[in-house]
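*Asks:* Next comes upload_4.txt, compact mmCIF, C-alpha atoms:
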# COMPACT_ATOMS: atom_id res chain seq x y z
CA MET A 2 -38.17 38.25 -10.70
CA SER A 3 -39.34 41.82 -10.68
CA ASP A 4 -37.42 44.90 -9.65
CA SER A 5 -39.74 45.51 -6.72
CA MET A 6 -39.23 42.07 -5.24
CA THR A 7 -38.27 41.95 -1.59
CA LEU A 8 -37.02 39.11 0.54
CA GLY A 9 -39.93 39.11 2.96
CA PRO A 10 -38.81 39.19 6.58
CA SER A 11 -35.24 39.92 5.67
CA VAL A 12 -32.52 41.67 7.60
CA SER A 13 -31.50 45.19 6.72
CA VAL A 14 -27.81 45.76 6.49
CA ARG A 15 -25.96 48.95 7.10
CA ALA A 16 -22.50 49.81 5.90
CA VAL A 17 -20.08 50.95 8.57
CA GLY A 18 -16.63 52.46 8.50
CA ALA A 19 -13.52 50.40 9.16
CA ARG A 20 -13.05 51.97 12.63
CA ASP A 21 -16.65 51.17 13.69
CA ARG A 22 -16.25 47.61 12.48
CA SER A 23 -12.95 47.00 14.25
CA SER A 24 -14.39 48.43 17.49
CA ALA A 25 -17.34 46.09 17.18
CA THR A 26 -15.04 43.14 16.45
CA VAL A 27 -12.89 43.90 19.53
CA ALA A 28 -16.02 44.27 21.66
CA CYS A 29 -17.30 40.96 20.32
CA PHE A 30 -13.99 39.26 21.09
CA PHE A 31 -14.05 40.30 24.75
CA LEU A 32 -17.71 39.45 25.08
CA LEU A 33 -16.94 36.07 23.55
CA MET A 34 -14.24 35.51 26.20
CA PHE A 35 -16.51 36.41 29.10
CA LEU A 36 -19.92 35.35 27.95
CA GLY A 37 -19.21 32.62 25.45
CA GLY A 38 -21.49 34.12 22.76
CA CYS A 39 -21.44 36.74 19.94
CA ALA A 40 -19.65 34.67 17.29
CA THR A 41 -18.65 36.58 14.15
CA LYS A 42 -19.15 34.93 10.80
CA GLU A 43 -16.97 36.40 8.08
CA VAL A 44 -17.28 35.57 4.40
CA SER A 45 -15.01 36.86 1.68
CA VAL A 46 -17.05 36.06 -1.41
CA LYS A 47 -15.18 33.83 -3.89
CA GLY A 48 -16.51 32.39 -7.11
CA ASP A 49 -15.90 31.72 -10.79
CA PHE A 50 -17.67 33.92 -13.27
CA PRO A 51 -17.86 32.77 -16.89
CA PRO A 52 -17.33 35.19 -19.78
CA PRO A 53 -20.59 36.26 -21.45
CA LEU A 54 -21.53 34.77 -24.81
CA LEU A 55 -22.70 37.65 -27.00
CA GLU A 56 -21.64 40.00 -29.81
CA PRO A 57 -19.76 42.88 -28.17
CA LEU A 58 -21.18 46.39 -28.64
CA PRO A 59 -18.89 48.45 -30.91
CA VAL A 60 -17.90 51.03 -28.31
CA THR A 61 -14.90 51.66 -26.07
CA ILE A 62 -15.99 51.96 -22.48
CA GLY A 63 -13.98 53.18 -19.55
CA VAL A 64 -14.90 51.70 -16.20
CA TRP A 65 -14.27 53.40 -12.91
CA TYR A 66 -14.68 51.45 -9.69
CA GLU A 67 -15.03 53.81 -6.74
CA PRO A 68 -13.01 52.96 -3.60
CA ASP A 69 -16.28 52.02 -1.79
CA PHE A 70 -17.10 49.59 -4.58
CA LEU A 71 -13.62 48.06 -4.61
CA ALA A 72 -13.84 47.38 -0.87
CA HIS A 73 -17.56 46.73 -0.67
CA GLU A 74 -18.70 44.77 2.35
CA PHE A 75 -21.75 44.55 4.51
CA TYR A 76 -21.90 44.24 8.23
CA ASP A 77 -24.78 43.07 10.36
CA GLU A 78 -24.39 43.14 14.10
CA ALA A 79 -25.83 40.31 16.21
CA LYS A 80 -29.16 41.24 17.79
CA GLY A 81 -28.91 38.74 20.64
CA ARG A 82 -26.70 36.08 22.21
CA SER A 83 -28.05 33.38 19.93
CA ASP A 84 -27.37 35.49 16.80
CA SER A 85 -24.10 35.90 14.95
CA THR A 86 -22.48 39.05 13.67
CA TRP A 87 -22.02 38.83 9.92
CA ILE A 88 -19.33 40.46 7.78
CA VAL A 89 -19.60 39.67 4.09
CA LYS A 90 -16.93 41.13 1.82
CA THR A 91 -18.08 41.32 -1.80
CA GLY A 92 -15.70 43.96 -3.27
CA GLU A 93 -13.15 41.57 -4.79
CA ALA A 94 -15.84 39.34 -6.32
CA GLN A 95 -17.75 42.38 -7.63
CA VAL A 96 -14.67 43.63 -9.50
CA GLN A 97 -13.87 40.13 -10.80
CA MET A 98 -17.41 39.61 -12.12
CA TRP A 99 -17.94 43.09 -13.61
CA SER A 100 -14.50 43.18 -15.27
CA GLN A 101 -15.15 39.78 -16.89
CA LEU A 102 -18.66 40.77 -17.96
CA LEU A 103 -17.77 44.18 -19.42
CA ARG A 104 -14.78 42.73 -21.33
CA GLY A 105 -17.19 40.45 -23.19
CA MET A 106 -19.94 43.01 -23.60
CA PHE A 107 -18.02 45.90 -25.21
CA ASP A 108 -15.39 46.07 -27.95
CA THR A 109 -12.77 47.54 -25.62
CA ILE A 110 -12.69 48.15 -21.89
CA VAL A 111 -10.32 50.64 -20.31
CA PRO A 112 -9.93 50.81 -16.50
CA ILE A 113 -10.08 54.45 -15.37
CA GLU A 114 -8.28 55.56 -12.24
CA ASN A 115 -10.24 58.73 -11.47
CA LYS A 116 -13.77 59.94 -12.03
CA PRO A 117 -13.98 61.76 -15.38
CA SER A 118 -14.32 65.52 -15.05
CA PRO A 119 -13.51 68.54 -17.24
CA GLU A 120 -9.99 68.39 -15.72
CA GLN A 121 -9.70 64.60 -16.17
CA VAL A 122 -10.81 64.11 -19.78
CA SER A 123 -10.07 60.67 -21.19
CA GLN A 124 -9.67 60.75 -24.98
CA ILE A 125 -9.41 57.03 -25.53
CA VAL A 126 -12.90 56.01 -24.45
CA ASP A 127 -16.40 56.82 -25.74
CA ALA A 128 -17.92 56.95 -22.23
CA VAL A 129 -17.22 55.88 -18.67
CA LEU A 130 -19.37 53.48 -16.66
CA ILE A 131 -19.48 53.81 -12.87
CA PRO A 132 -21.15 50.93 -10.98
CA ARG A 133 -22.17 51.25 -7.31
CA VAL A 134 -23.85 48.92 -4.82
CA ASP A 135 -26.71 51.03 -3.40
CA GLU A 136 -28.23 48.50 -1.02
CA LEU A 137 -27.77 44.92 0.04
CA GLN A 138 -30.12 42.70 2.03
CA TYR A 139 -29.64 39.14 3.12
CA ALA A 140 -31.72 36.46 4.77
CA ILE A 141 -30.68 33.16 6.32
CA PRO A 142 -32.94 30.33 7.55
CA ALA A 143 -32.31 31.33 11.19
CA HIS A 144 -33.95 34.71 10.48
CA THR A 145 -36.87 33.65 8.31
CA ASN A 146 -37.64 29.97 9.03
CA VAL A 147 -37.58 29.52 5.23
CA LYS A 148 -35.00 26.98 4.14
CA VAL A 149 -33.24 29.30 1.71
CA TYR A 150 -30.23 31.62 1.98
CA GLU A 151 -30.88 34.78 0.00
CA ILE A 152 -28.98 37.87 -1.11
CA TRP A 153 -30.60 40.86 -2.80
CA MET A 154 -28.67 43.81 -4.17
CA ARG A 155 -29.60 47.08 -5.77
CA TYR A 156 -27.00 48.62 -8.06
CA ALA A 157 -26.84 52.20 -9.30
CA PHE A 158 -25.08 52.86 -12.59
CA GLU A 159 -23.84 56.07 -14.05
CA LEU A 160 -22.72 56.43 -17.66
CA VAL A 161 -20.82 59.68 -18.15
CA SER A 162 -19.10 61.33 -21.08
CA THR A 163 -15.33 61.65 -21.21
CA ASN A 164 -15.46 65.02 -19.46
CA GLY A 165 -17.86 63.80 -16.75
CA ASP A 166 -21.20 65.00 -18.16
CA PRO A 167 -23.99 62.55 -17.28
CA ILE A 168 -25.33 60.44 -20.16
CA ALA A 169 -27.55 58.05 -18.19
CA GLU A 170 -28.29 57.01 -14.62
CA TRP A 171 -30.28 53.94 -13.72
CA THR A 172 -30.73 51.32 -11.03
CA MET A 173 -30.91 47.54 -11.29
CA THR A 174 -31.57 44.71 -8.86
CA ALA A 175 -29.97 41.29 -8.52
CA TYR A 176 -31.05 38.29 -6.50
CA GLY A 177 -29.41 35.04 -5.50
CA LYS A 178 -30.59 32.16 -3.37
CA THR A 179 -29.43 28.72 -2.38
CA PRO A 180 -31.08 26.02 -0.28
CA PRO A 181 -29.35 24.57 2.78
CA ALA A 182 -27.36 21.43 2.07
CA PHE A 183 -26.04 18.65 4.24
CA LEU A 184 -22.60 19.52 5.64
CA ARG A 185 -22.64 23.02 4.08
CA SER A 186 -21.91 25.75 6.63
CA ASP A 187 -23.83 29.05 6.88
CA GLU A 188 -20.76 30.84 5.51
CA ALA A 189 -20.51 28.56 2.45
CA ALA A 190 -24.24 28.98 1.76
CA VAL A 191 -24.06 32.79 2.01
CA ASN A 192 -21.02 32.74 -0.32
CA LEU A 193 -22.97 30.65 -2.84
CA ALA A 194 -26.04 32.91 -2.63
CA ALA A 195 -23.76 35.93 -3.23
CA VAL A 196 -22.17 34.26 -6.29
CA VAL A 197 -25.66 33.47 -7.67
CA ALA A 198 -26.67 37.11 -7.05
CA LEU A 199 -23.57 38.39 -8.87
CA ARG A 200 -24.28 36.11 -11.84
CA ASP A 201 -27.85 37.40 -11.84
CA ALA A 202 -26.53 40.97 -11.78
CA GLY A 203 -24.51 40.21 -14.91
CA ALA A 204 -27.49 38.61 -16.65
CA HIS A 205 -29.76 41.53 -15.74
CA PHE A 206 -27.19 44.10 -16.89
CA ILE A 207 -26.70 42.44 -20.28
CA THR A 208 -30.43 42.14 -20.95
CA SER A 209 -31.32 45.64 -19.74
CA PHE A 210 -28.40 47.87 -20.77
CA GLU A 211 -29.64 48.69 -24.27
CA LYS A 212 -33.21 49.16 -22.97
CA VAL A 213 -32.30 52.18 -20.81
CA PRO A 214 -33.71 55.01 -23.03
CA GLU A 215 -30.74 57.38 -22.57
CA VAL A 216 -28.27 54.55 -23.23
CA ALA A 217 -30.18 53.46 -26.35
CA GLN A 218 -30.09 57.08 -27.60
CA TRP A 219 -26.36 57.36 -26.87
CA LEU A 220 -25.60 54.07 -28.63
CA GLU A 221 -27.58 55.25 -31.66
CA ASN A 222 -25.61 58.51 -31.71
CA GLN A 223 -22.35 56.56 -31.46
CA GLN A 224 -23.34 54.41 -34.43
CA MET A 225 -24.29 57.48 -36.46
CA ASP A 226 -20.96 59.13 -35.58
CA THR A 227 -19.10 56.02 -36.70
CA ALA A 228 -21.12 55.86 -39.94
CA ASP A 229 -20.37 59.55 -40.60
CA LYS A 230 -16.65 58.99 -40.08
CA GLU A 231 -16.42 55.90 -42.32
CA PRO A 232 -16.85 57.55 -45.77
CA SER A 233 -14.23 60.20 -44.96
CA THR A 234 -11.82 57.45 -43.85
CA ALA A 235 -12.44 55.64 -47.14
CA LEU A 236 -11.72 58.77 -49.13
CA MET B 9 -18.48 -7.70 23.24
CA ARG B 10 -19.47 -4.04 23.01
CA MET B 11 -17.55 -3.74 19.73
CA LEU B 12 -19.43 -6.71 18.37
CA VAL B 13 -22.80 -5.16 19.32
CA GLN B 14 -21.81 -1.81 17.79
CA SER B 15 -20.63 -3.46 14.57
CA SER B 16 -23.86 -5.46 14.34
CA VAL B 17 -25.94 -2.33 14.88
CA LEU B 18 -23.92 -0.45 12.24
CA GLY B 19 -24.32 -3.30 9.76
CA LEU B 20 -28.04 -3.48 10.50
CA SER B 21 -28.51 0.26 9.98
CA ILE B 22 -26.69 0.12 6.63
CA GLY B 23 -28.91 -2.74 5.52
CA LEU B 24 -32.18 -1.14 6.65
CA THR B 25 -34.07 1.36 4.54
CA GLY B 26 -37.48 2.90 5.02
CA CYS B 27 -40.45 2.28 2.71
CA VAL B 28 -41.00 4.55 -0.28
CA THR B 29 -44.10 4.96 -2.45
CA SER B 30 -43.51 6.18 -6.00
CA THR B 31 -45.82 7.13 -8.88
CA VAL B 32 -44.54 7.90 -12.37
CA ASP B 33 -46.69 9.37 -15.18
CA GLU B 34 -45.52 10.04 -18.71
CA MET B 35 -46.80 11.43 -21.97
CA VAL B 36 -44.44 11.41 -24.95
CA PHE B 37 -44.69 11.76 -28.71
CA ASN B 38 -42.21 11.76 -31.60
CA GLU B 39 -39.99 9.35 -29.69
CA PRO B 40 -36.61 8.85 -31.47
CA ILE B 41 -37.09 5.14 -32.36
CA GLU B 42 -33.48 4.67 -33.47
CA GLY B 43 -32.01 6.64 -30.57
CA ILE B 44 -30.39 10.06 -30.78
CA GLY B 45 -27.28 9.03 -32.75
CA ASP B 46 -24.30 11.34 -32.22
CA SER B 47 -26.46 14.22 -31.03
CA SER B 48 -26.38 15.34 -27.42
CA VAL B 49 -28.86 15.99 -24.65
CA VAL B 50 -28.79 18.42 -21.78
CA ILE B 51 -30.78 18.07 -18.56
CA LEU B 52 -31.39 21.35 -16.76
CA GLY B 53 -33.05 22.20 -13.45
CA ARG B 54 -35.62 25.00 -13.13
CA ARG B 55 -34.55 27.56 -10.54
CA HIS B 56 -36.75 30.60 -11.05
CA ALA B 57 -39.32 29.93 -8.29
CA SER B 58 -38.87 31.94 -5.11
CA ASP B 59 -39.42 29.18 -2.54
CA TYR B 60 -37.58 26.19 -3.99
CA GLU B 61 -35.10 25.21 -6.66
CA THR B 62 -34.43 21.94 -8.43
CA GLU B 63 -31.34 20.44 -6.83
CA PHE B 64 -28.16 20.19 -8.95
CA ASP B 65 -27.57 16.80 -7.30
CA PHE B 66 -30.91 15.49 -8.54
CA VAL B 67 -30.22 16.56 -12.13
CA ASN B 68 -26.76 15.01 -11.90
CA CYS B 69 -28.28 11.79 -10.52
CA ILE B 70 -30.65 11.48 -13.52
CA SER B 71 -27.76 12.08 -15.96
CA LYS B 72 -25.64 9.40 -14.28
CA HIS B 73 -28.60 6.98 -14.22
CA ILE B 74 -29.06 7.34 -17.99
CA THR B 75 -25.40 7.20 -19.03
CA ALA B 76 -24.74 4.21 -16.75
CA ARG B 77 -27.38 2.20 -18.62
CA ASP B 78 -26.69 3.51 -22.14
CA PRO B 79 -23.17 4.98 -22.54
CA ASN B 80 -23.97 5.94 -26.15
CA ILE B 81 -26.21 8.77 -24.97
CA GLU B 82 -24.14 11.93 -24.62
CA ILE B 83 -25.43 14.10 -21.81
CA ILE B 84 -23.79 17.50 -21.40
CA ASP B 85 -22.95 18.42 -17.82
CA GLU B 86 -25.49 20.95 -16.55
CA LEU B 87 -23.08 23.45 -15.01
CA GLU B 88 -20.72 23.30 -18.00
CA PHE B 89 -23.65 24.00 -20.32
CA ILE B 90 -24.95 26.92 -18.24
CA ASN B 91 -21.46 28.45 -17.97
CA SER B 92 -20.66 28.04 -21.66
CA LEU B 93 -23.89 29.87 -22.56
CA TYR B 94 -23.81 32.53 -19.82
CA PRO B 95 -26.04 34.50 -19.27
CA TRP B 96 -28.77 32.88 -21.37
CA PHE B 97 -29.63 30.00 -19.02
CA GLU B 98 -29.62 31.85 -15.70
CA PRO B 99 -32.89 31.73 -13.68
CA ARG B 100 -33.75 35.24 -14.95
CA THR B 101 -33.06 34.57 -18.64
CA ALA B 102 -33.68 30.84 -19.22
CA PRO B 103 -36.27 30.05 -21.92
CA LEU B 104 -39.63 29.06 -20.41
CA ARG B 105 -41.29 27.85 -23.64
CA PRO B 106 -39.90 26.05 -26.70
CA GLY B 107 -40.82 29.16 -28.73
CA ASP B 108 -38.23 31.14 -26.75
CA ILE B 109 -35.44 29.15 -28.43
CA ASP B 110 -35.95 31.29 -31.54
CA ARG B 111 -35.11 34.40 -29.54
CA LEU B 112 -31.92 32.72 -28.32
CA MET B 113 -30.88 31.59 -31.78
CA GLN B 114 -30.96 35.19 -33.01
CA GLN B 115 -27.75 35.71 -31.02
CA LYS B 116 -25.07 34.52 -33.44
CA PRO B 117 -22.53 33.31 -30.81
CA VAL B 118 -25.31 31.38 -29.01
CA ALA B 119 -26.47 29.70 -32.23
CA GLU B 120 -22.85 28.75 -33.04
CA GLN B 121 -22.24 27.35 -29.56
CA LEU B 122 -25.42 25.25 -29.67
CA ALA B 123 -24.51 23.96 -33.14
CA THR B 124 -21.08 22.91 -31.82
CA LEU B 125 -22.76 20.98 -29.00
CA LYS B 126 -25.03 19.14 -31.52
CA LEU B 127 -27.89 19.56 -29.09
CA GLU B 128 -31.00 17.54 -29.98
CA TYR B 129 -33.02 17.46 -26.75
CA MET B 130 -33.24 19.90 -23.88
CA ILE B 131 -34.87 18.38 -20.80
CA TRP B 132 -36.13 20.70 -18.05
CA VAL B 133 -36.62 19.21 -14.59
CA ASP B 134 -38.80 21.18 -12.18
CA GLY B 135 -39.47 20.21 -8.57
CA SER B 136 -37.83 19.49 -5.25
CA THR B 137 -37.70 17.13 -2.28
CA VAL B 138 -39.09 18.47 0.98
CA GLN B 139 -39.49 17.25 4.55
CA THR B 140 -43.20 16.86 5.24
CA ASN B 141 -43.34 16.00 8.95
CA SER B 142 -41.18 15.12 11.91
CA ALA B 143 -41.86 13.77 15.39
CA GLY B 144 -40.15 12.16 18.38
CA SER B 145 -37.23 13.11 20.54
CA MET B 146 -33.81 11.75 21.37
CA THR B 147 -31.44 12.39 24.25
CA CYS B 148 -27.73 11.73 24.07
CA GLY B 149 -25.28 11.81 26.95
CA VAL B 150 -21.62 11.25 27.78
CA GLY B 151 -20.42 9.85 31.09
CA PRO B 152 -17.32 8.22 32.58
CA GLY B 153 -18.60 4.81 31.47
CA GLY B 154 -19.22 5.83 27.85
CA ALA B 155 -21.71 7.64 25.64
CA GLY B 156 -25.13 6.76 24.35
CA CYS B 157 -28.48 7.95 23.06
CA PHE B 158 -32.03 7.01 23.90
CA GLY B 159 -35.22 7.95 22.08
CA PHE B 160 -37.03 7.72 18.78
CA GLY B 161 -37.34 10.09 15.85
CA THR B 162 -39.30 9.90 12.64
CA TRP B 163 -39.68 12.21 9.65
CA GLY B 164 -41.30 12.10 6.25
CA ASN B 165 -39.96 13.27 2.88
CA ALA B 166 -41.82 13.91 -0.36
CA ALA B 167 -40.37 14.44 -3.82
CA ASP B 168 -42.35 15.88 -6.73
CA TYR B 169 -40.57 16.41 -10.05
CA GLU B 170 -41.72 17.04 -13.60
CA ALA B 171 -39.49 16.68 -16.65
CA THR B 172 -40.37 18.47 -19.88
CA ILE B 173 -38.61 17.35 -23.07
CA TRP B 174 -38.00 19.90 -25.82
CA ASP B 175 -36.98 18.84 -29.31
CA PHE B 176 -34.35 21.44 -30.05
CA THR B 177 -34.44 21.09 -33.85
CA ASP B 178 -38.22 21.31 -34.18
CA GLN B 179 -38.49 23.75 -31.26
CA ALA B 180 -41.42 21.79 -29.84
CA GLU B 181 -42.32 20.01 -26.64
CA VAL B 182 -42.28 16.25 -27.23
CA GLY B 183 -42.86 14.80 -23.79
CA ARG B 184 -43.67 15.36 -20.16
CA MET B 185 -42.97 13.04 -17.22
CA ASN B 186 -43.90 13.33 -13.60
CA THR B 187 -42.69 11.43 -10.58
CA GLN B 188 -44.10 11.72 -7.08
CA THR B 189 -42.38 9.86 -4.27
CA SER B 190 -42.89 9.84 -0.54
CA GLY B 191 -41.44 7.90 2.35
CA GLN B 192 -41.03 7.81 6.11
CA SER B 193 -37.65 7.53 7.81
CA TYR B 194 -37.11 6.33 11.38
CA MET B 195 -34.31 6.62 13.91
CA PRO B 196 -34.69 4.49 17.04
CA ALA B 197 -31.86 4.84 19.55
CA VAL B 198 -30.99 2.51 22.39
CA ILE B 199 -27.39 3.47 23.16
CA VAL B 200 -26.62 3.62 19.41
CA PRO B 201 -28.97 5.44 16.99
CA ILE B 202 -30.07 3.25 14.08
CA PRO B 203 -31.07 5.36 11.06
CA ILE B 204 -33.65 3.69 8.80
CA ILE B 205 -33.67 6.15 5.91
CA ALA B 206 -36.29 6.14 3.15
CA PRO B 207 -34.45 6.90 -0.15
CA VAL B 208 -37.12 9.27 -1.43
CA GLN B 209 -35.01 11.41 -3.77
CA GLY B 210 -33.03 8.40 -5.01
CA THR B 211 -36.23 6.57 -5.92
CA ALA B 212 -37.55 9.66 -7.72
CA CYS B 213 -34.24 9.87 -9.62
CA ASP B 214 -34.44 6.19 -10.63
CA GLY B 215 -38.08 6.55 -11.75
CA MET B 216 -37.45 9.62 -13.86
CA GLY B 217 -34.14 8.26 -15.16
CA ASP B 218 -35.82 5.04 -16.36
CA GLN B 219 -38.56 6.95 -18.19
CA LEU B 220 -36.07 9.29 -19.89
CA LEU B 221 -33.86 6.35 -20.80
CA GLU B 222 -36.82 4.65 -22.46
CA PHE B 223 -37.44 7.81 -24.48
CA LEU B 224 -33.83 8.52 -25.51
CA SER B 225 -32.33 5.06 -25.93
CA SER B 226 -32.91 2.66 -28.80
CA GLU B 227 -31.87 -0.25 -26.57
CA HIS B 228 -34.42 0.22 -23.79
Represent the structure of the file as structure tokens.
*Replies:*
Amino acid sequence: MSDSMTLGPSVSVRAVGARDRSSATVACFFLLMFLGGCATKEVSVKGDFPPPLLEPLPVTIGVWYEPDFLAHEFYDEAKGRSDSTWIVKTGEAQVQMWSQLLRGMFDTIVPIENKPSPEQVSQIVDAVLIPRVDELQYAIPAHTNVKVYEIWMRYAFELVSTNGDPIAEWTMTAYGKTPPAFLRSDEAAVNLAAVVALRDAGAHFITSFEKVPEVAQWLENQQMDTADKEPSTAL
Amino acid sequence: MRMLVQSSVLGLSIGLTGCVTSTVDEMVFNEPIEGIGDSSVVILGRRHASDYETEFDFVNCISKHITARDPNIEIIDELEFINSLYPWFEPRTAPLRPGDIDRLMQQKPVAEQLATLKLEYMIWVDGSTVQTNSAGSMTCGVGPGGAGCFGFGTWGNAADYEATIWDFTDQAEVGRMNTQTSGQSYMPAVIVPIPIIAPVQGTACDGMGDQLLEFLSSEH
């Protein structure tokens, strides 16, 4: 699975504000009453995410989830009467998965309430990680004629110092798919594909984090700092 | 009278199955002649291809087939295994060659977890069941006098699976098995549809399960 992989004839998804979405939902409702079409399929992604099995890195990381990340959802409006409007809410599952993953990956994790800046310096962490969902695409069999439900996500990560100076910025992709199954609804299949994509995001993050050159350099500096401090502590 | 006809049709459809053709090939070496003792086995599906993935149900079916015939063989549940070793057996990270086990064992918690499980054999199943063709049409209707269908439908299924056995201790491949199964299902309908289903995946599961049982069990 390469970073440049695409889902073929997939559907682009655009994020919309809450007001736009509610207007569209109301419009859909009335259209549904008069025309008998325009069904909305809503999925609030739910899943279990296991803790990672690895030696934690000896650093204390703060994690800041932006409001857009906490409430992340994607919305795809129906293109025709035979199509459905899709709303897939991933924010809650994103936070659940990333919190579980980061707790196992680093010595200590500290949730941060505001973005670090010179005025918001956090003394208790070594750096702050800020995850974002940059893009999300999905494909269902009705769109592609391929018997697979797919979800593809591109994340953007920022690792900043305690006063907000950038340490590293990088992007990462995640992919999840699931085949159709007897008696499984479209909504359940999209939920499962999203859970697989989130698991893949965790796997990709763990295997790529230390390979980001700026992160590797920062981790090395952290280790050297700790080694420098140890003799003085002993004395 | 109608009830009697419907019950007869239902009974007939339960009793009828379509024809299935199955071929099983195997090549094994270093077979454990005295069985696997108190060690355990895990059967895992390959899911890294873009256009198909080995069904969890199929892997579960093979596990059940083996343990039903030899309860002494301990097979670890696939999902439990994958979750307990997350993220090292996800489609992106799963070892593709026996040599990759070394890389995994360098992670201390992973090595400890695998030692706890007493894992002796890791069996990878790769393949899927697909629908190959379909034809016919059926019309159903509801009226004041009742409901019914009329028509005929037929479809074909094909299953192609390969199991690769890795000896976990020696970190070597010790066997490969392949099963190819195909069958045609039919659904004639005169008032009541009568499904005559060819158990393609079930036959593939039985074929592969029997071969793996022969390899793992000292009693078969």
*Asks:* Using all atoms listed in the file, which residues of chain B come within 6 Å of chain A, and what is the closest atom pair for each, with the distance in Å to one decimal? Give it as JSON lines, sorted by chain and residue number.
*Replies:*
{"residue": "B:Asn91", "atom": "CA", "partner": "A:Pro51", "partner_atom": "CA", "distance": 5.7}
{"residue": "B:Leu93", "atom": "CA", "partner": "A:Leu54", "partner_atom": "CA", "distance": 5.9}
{"residue": "B:Tyr94", "atom": "CA", "partner": "A:Pro53", "partner_atom": "CA", "distance": 5.2}
{"residue": "B:Pro95", "atom": "CA", "partner": "A:Ala204", "partner_atom": "CA", "distance": 5.1}
{"residue": "B:Pro117", "atom": "CA", "partner": "A:Leu55", "partner_atom": "CA", "distance": 5.8}
*Asks:* Keeping C-alpha atoms, export the residues of the selection given above as a compact mmCIF listing (two decimals), in the coordinates of the input.
*Replies:*
# COMPACT_ATOMS: atom_id res chain seq x y z
CA ASN B 91 -21.46 28.45 -17.97
CA LEU B 93 -23.89 29.87 -22.56
CA TYR B 94 -23.81 32.53 -19.82
CA PRO B 95 -26.04 34.50 -19.27
CA PRO B 117 -22.53 33.31 -30.81
*Asks:* Quick one: residues within 7 Å of region 131-143 of chain A, only C-alpha atoms, excluding same-chain residues fewer than 6 positions away - as a ChimeraX atom specification?
*Replies:* /A:11-14,64-66,70,149-160
*Asks:* Kindly give the distance, in Å, that separates CA of Gln218 (chain A) and CA of Arg100 (chain B), rounded to a single decimal.
*Replies:*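 For CA of Gln218 (chain A) relative to CA of Arg100 (chain B), the distance reads 25.5 Å.
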*Asks:* May I have the residues within 8 Å of Arg184 (chain B) as number ranges by chain, using only C-alpha atoms and disregarding those fewer than 5 positions away in the same chain?
*Replies:* B: 34-36, 170-173
*Asks:* Please check which residues have atoms at most 10 Å from (-37.7, 24.0, -17.5) in the file's coordinates, counting all atoms listed in the file, and write them as a PDB file with C-alpha atoms, in the frame of the given file.
*Replies:*
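Now in part-v6.pdb:
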ATOM      1  CA  ILE B  51     -30.780  18.070 -18.560  1.00  0.00           C
ATOM      2  CA  LEU B  52     -31.390  21.350 -16.760  1.00  0.00           C
ATOM      3  CA  GLY B  53     -33.050  22.200 -13.450  1.00  0.00           C
ATOM      4  CA  ARG B  54     -35.620  25.000 -13.130  1.00  0.00           C
ATOM      5  CA  ARG B  55     -34.550  27.560 -10.540  1.00  0.00           C
ATOM      6  CA  HIS B  56     -36.750  30.600 -11.050  1.00  0.00           C
ATOM      7  CA  THR B  62     -34.430  21.940  -8.430  1.00  0.00           C
ATOM      8  CA  PRO B  99     -32.890  31.730 -13.680  1.00  0.00           C
ATOM      9  CA  ALA B 102     -33.680  30.840 -19.220  1.00  0.00           C
ATOM     10  CA  PRO B 103     -36.270  30.050 -21.920  1.00  0.00           C
ATOM     11  CA  LEU B 104     -39.630  29.060 -20.410  1.00  0.00           C
ATOM     12  CA  ARG B 105     -41.290  27.850 -23.640  1.00  0.00           C
ATOM     13  CA  PRO B 106     -39.900  26.050 -26.700  1.00  0.00           C
ATOM     14  CA  MET B 130     -33.240  19.900 -23.880  1.00  0.00           C
ATOM     15  CA  ILE B 131     -34.870  18.380 -20.800  1.00  0.00           C
ATOM     16  CA  TRP B 132     -36.130  20.700 -18.050  1.00  0.00           C
ATOM     17  CA  VAL B 133     -36.620  19.210 -14.590  1.00  0.00           C
ATOM     18  CA  ASP B 134     -38.800  21.180 -12.180  1.00  0.00           C
ATOM     19  CA  GLY B 135     -39.470  20.210  -8.570  1.00  0.00           C
ATOM     20  CA  GLU B 170     -41.720  17.040 -13.600  1.00  0.00           C
ATOM     21  CA  ALA B 171     -39.490  16.680 -16.650  1.00  0.00           C
ATOM     22  CA  THR B 172     -40.370  18.470 -19.880  1.00  0.00           C
ATOM     23  CA  ILE B 173     -38.610  17.350 -23.070  1.00  0.00           C
ATOM     24  CA  TRP B 174     -38.000  19.900 -25.820  1.00  0.00           C
TER      25      TRP B 174
END
*Asks:* Write out as a ChimeraX atom specification each polymer residue whose atoms come within 12 Å of Ala189 (chain A), counting only C-alpha atoms; drop sequence neighbours fewer than 4 positions from it.
*Replies:* /A:42-48,89,141,150,179-185,193-196
*Asks:* What separation in Å, quoted to one decimal, exists between CA of Ala206 (chain B) and CA of Cys27 (chain B)?
*Replies:*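 Those two atoms sit 5.7 Å apart.
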*Asks:* Taking only C-alpha atoms into account, which of B:Asp175, B:Glu39, B:Glu98, B:Glu82 comes nearest Glu128 (chain B)?
*Replies:* B:Asp175
*Asks:* Give the answer as one residue: which of B:Ser92, B:Thr137, B:Gln121, B:Thr101 has the shortest atom-to-atom distance to Cys213 (chain B), using all atoms listed in the file?
*Replies:*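 Nearest candidate to Cys213 (chain B) out of B:Ser92, B:Thr137, B:Gln121, B:Thr101: B:Thr137.
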*Asks:* Have a look at CA of Glu114 (chain A) and CA of Glu67 (chain A) and let me know their distance in Å, one decimal.
*Replies:*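 Computing the Euclidean distance for CA of Glu114 (chain A) and CA of Glu67 (chain A) yields 8.9 Å.
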